[in-house]
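A.B. asks: Input: one structure, supplied below.
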Amino acid sequence: MTLRRVSADAGIIAALGLATYLISRSMFDANPKLLIKYGAAAWHADLVRWWAATVVGMSALLLRRRVPLAALAGTAAMALAHFTSERPGVTPLDAAAPIALYSAASAPLRRSVSYAALAASVCCALLPRLLTLRGAHFGSWTWSLAPAVAMAVAWLLGDRARTQRLYMEQVSARARDLERDRDRQAELVAAAERARIARDLHDAVAHGLSIVVIQAQAAAGAMDKRPATARVALASIVATGRDSLAEMRRLLGLTRPDGPDLAPLPALGDLPALVERVRGAGLKVSLRVDGDTDAVPTTFGLCAYRIAQEALTNTLRHAGPGATADVAVHCGPDQIELTVRDTGCGAGRQPYEHRGNGLRGMRERVAILGGTVTVGDAPDGGFQVYAELPLTDIPAQRLAEPA
């Protein structure tokens, strides 16, 4: 790319030099007296100065993309030397100064530096007229102002190019930021979905395995003396295992497209079945439900169901022998209140939150829905889980937050 730019600048210099040669030749051909006047002094010092300034200015023009201010200084000095020489008029080579000013105005320089370059260039363009040099060389005031106007126009064009470039850079940066935000949002949504699946798997698997372990222990103890009880426990293990596997398939989407439809998500209406499974595992559980559970939105009903499932599973695992549990649900017009209390040994010395990830997932579920959950020892002994779920609209960004 740099070689192409240098080649383009070299082409500009060659075009300006050729145009100057052709114009000078046509001017001398049209007026032979000029050829006699200036040709006789071919080796005059003024002619040497003119060509030296030309070489310096054209060499500086090659640097306009790297050091625009140096290029502007070199081309401006060349133009000033041309204007003050004995040779007649403005030549195409003097267009190098506006080109250099255009490059300086479009370069990423400070605005104060760009304005200073404009002021210095205009002053250099007006300097020959201000010094009242020979009018034969510069014509009327209108003609003498042409170089200054050319410099101002070149600066305006360069400044506009700079503004457009900065705008496009800002647009590109904004597009990149939006793309990063989109990717980040997609990652957050994926993380939230993974966390949701992990919570559901934990609740389903932990609950099923807890019942399976308890029933297996009961079956092992009754195998010799009470075979009928052992067979009931084994049947319960089979049923619980099948239910857990079915829910895992539903959560992970492993059913085939031509298979049966997926079962609906559990809700408050499925609490009696949950309580029956827990009772089958040997835990005495009572259930009270107030209000219309069918009017509860699916998301809130699922959350309440999972809270009750996790609380009863923890009661099975930690409450101890002889414990009982009570589940109370109140479905009001504005919120759902869920209380799961047991008569076990309570949290004990170890904080209940440190016994697994169930309570952490419970808190995350409730927080996403804007509710609150309180866990700890019950006032009359045992352990209690109390949750409040406000029945309000859930903002989409909260559903996308990773747990």
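Residues in the structure tokens are named by chain (A, B, ... in the order shown) and by number from 1 within that chain; ligands are numbered from 1 in the order shown.
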Might you pull out every residue within 9 Å of A:Asp9, with only C-alpha atoms counted and same-chain residues fewer than 5 positions away left off, and present them as a PDB file with all heavy atoms, in the first residue's frame?

C.D. replies:
```pdb
ATOM      1  N   ARG A   4       2.231   1.900  -3.482  1.00  0.00           N
ATOM      2  CA  ARG A   4       1.193   2.444  -4.360  1.00  0.00           C
ATOM      3  C   ARG A   4       0.992   3.929  -4.111  1.00  0.00           C
ATOM      4  O   ARG A   4       0.801   4.713  -5.045  1.00  0.00           O
ATOM      5  CB  ARG A   4      -0.117   1.689  -4.134  1.00  0.00           C
ATOM      6  CG  ARG A   4      -0.085   0.235  -4.596  1.00  0.00           C
ATOM      7  CD  ARG A   4      -1.383  -0.460  -4.301  1.00  0.00           C
ATOM      8  NE  ARG A   4      -2.508   0.214  -4.936  1.00  0.00           N
ATOM      9  CZ  ARG A   4      -3.785  -0.131  -4.755  1.00  0.00           C
ATOM     10  NH1 ARG A   4      -4.077  -1.147  -3.945  1.00  0.00           N
ATOM     11  NH2 ARG A   4      -4.749   0.517  -5.385  1.00  0.00           N
ATOM     12  N   ALA A  14       4.938  14.120 -11.758  1.00  0.00           N
ATOM     13  CA  ALA A  14       5.234  14.058 -13.198  1.00  0.00           C
ATOM     14  C   ALA A  14       4.188  14.814 -14.006  1.00  0.00           C
ATOM     15  O   ALA A  14       4.519  15.533 -14.966  1.00  0.00           O
ATOM     16  CB  ALA A  14       5.299  12.592 -13.640  1.00  0.00           C
ATOM     17  N   LEU A  61       6.865  16.964  -1.525  1.00  0.00           N
ATOM     18  CA  LEU A  61       5.518  16.478  -1.811  1.00  0.00           C
ATOM     19  C   LEU A  61       5.433  14.956  -1.664  1.00  0.00           C
ATOM     20  O   LEU A  61       4.372  14.414  -1.343  1.00  0.00           O
ATOM     21  CB  LEU A  61       5.100  16.897  -3.221  1.00  0.00           C
ATOM     22  CG  LEU A  61       3.642  16.618  -3.603  1.00  0.00           C
ATOM     23  CD1 LEU A  61       2.695  17.385  -2.687  1.00  0.00           C
ATOM     24  CD2 LEU A  61       3.382  16.982  -5.060  1.00  0.00           C
ATOM     25  N   LEU A  62       6.542  14.256  -1.897  1.00  0.00           N
ATOM     26  CA  LEU A  62       6.541  12.805  -1.725  1.00  0.00           C
ATOM     27  C   LEU A  62       6.325  12.391  -0.269  1.00  0.00           C
ATOM     28  O   LEU A  62       5.955  11.249   0.002  1.00  0.00           O
ATOM     29  CB  LEU A  62       7.861  12.217  -2.238  1.00  0.00           C
ATOM     30  CG  LEU A  62       8.095  12.275  -3.750  1.00  0.00           C
ATOM     31  CD1 LEU A  62       9.501  11.796  -4.074  1.00  0.00           C
ATOM     32  CD2 LEU A  62       7.059  11.420  -4.488  1.00  0.00           C
ATOM     33  N   LEU A  63       6.555  13.313   0.667  1.00  0.00           N
ATOM     34  CA  LEU A  63       6.436  13.002   2.096  1.00  0.00           C
ATOM     35  C   LEU A  63       5.105  13.448   2.691  1.00  0.00           C
ATOM     36  O   LEU A  63       4.936  13.433   3.915  1.00  0.00           O
ATOM     37  CB  LEU A  63       7.583  13.673   2.870  1.00  0.00           C
ATOM     38  CG  LEU A  63       8.999  13.334   2.410  1.00  0.00           C
ATOM     39  CD1 LEU A  63      10.016  14.145   3.204  1.00  0.00           C
ATOM     40  CD2 LEU A  63       9.272  11.846   2.547  1.00  0.00           C
ATOM     41  N   ARG A  64       4.163  13.858   1.853  1.00  0.00           N
ATOM     42  CA  ARG A  64       2.949  14.479   2.379  1.00  0.00           C
ATOM     43  C   ARG A  64       2.082  13.509   3.204  1.00  0.00           C
ATOM     44  O   ARG A  64       1.315  13.949   4.071  1.00  0.00           O
ATOM     45  CB  ARG A  64       2.115  15.042   1.237  1.00  0.00           C
ATOM     46  CG  ARG A  64       1.513  14.013   0.296  1.00  0.00           C
ATOM     47  CD  ARG A  64       0.812  14.674  -0.872  1.00  0.00           C
ATOM     48  NE  ARG A  64       0.151  13.704  -1.756  1.00  0.00           N
ATOM     49  CZ  ARG A  64      -1.127  13.349  -1.630  1.00  0.00           C
ATOM     50  NH1 ARG A  64      -1.859  13.898  -0.672  1.00  0.00           N
ATOM     51  NH2 ARG A  64      -1.661  12.467  -2.459  1.00  0.00           N
TER      52      ARG A  64
END
```

A.B. asks: Contacts of A:Leu316 at 9 Å or less, counting only C-alpha atoms, minus same-chain residues fewer than 6 places along, as number ranges by chain?

C.D. replies: A: 210-211, 214, 278, 281-283, 323

A.B. asks: Tell me, which residues of stretch 132-354 of chain A carry DSSP helix (DSSP H, G or I), written as JSON, numbers by chain?

C.D. replies: {"A": [135, 136, 137, 138, 141, 142, 143, 144, 146, 147, 148, 149, 150, 151, 152, 153, 154, 155, 156, 157, 158, 159, 160, 161, 162, 163, 164, 165, 166, 167, 168, 169, 170, 171, 172, 173, 174, 175, 176, 177, 178, 179, 180, 181, 182, 183, 184, 185, 186, 187, 188, 189, 190, 191, 192, 193, 194, 195, 196, 197, 198, 199, 200, 201, 202, 203, 204, 205, 206, 207, 208, 209, 210, 211, 212, 213, 214, 215, 216, 217, 218, 219, 220, 221, 222, 227, 228, 229, 230, 231, 232, 233, 234, 235, 236, 237, 238, 239, 240, 241, 242, 243, 244, 245, 246, 247, 248, 249, 250, 251, 252, 268, 269, 270, 271, 272, 273, 274, 275, 276, 277, 278, 279, 280, 293, 294, 295, 298, 299, 300, 301, 302, 303, 304, 305, 306, 307, 308, 309, 310, 311, 312, 313, 314, 315, 316, 317, 318, 352, 353, 354]}
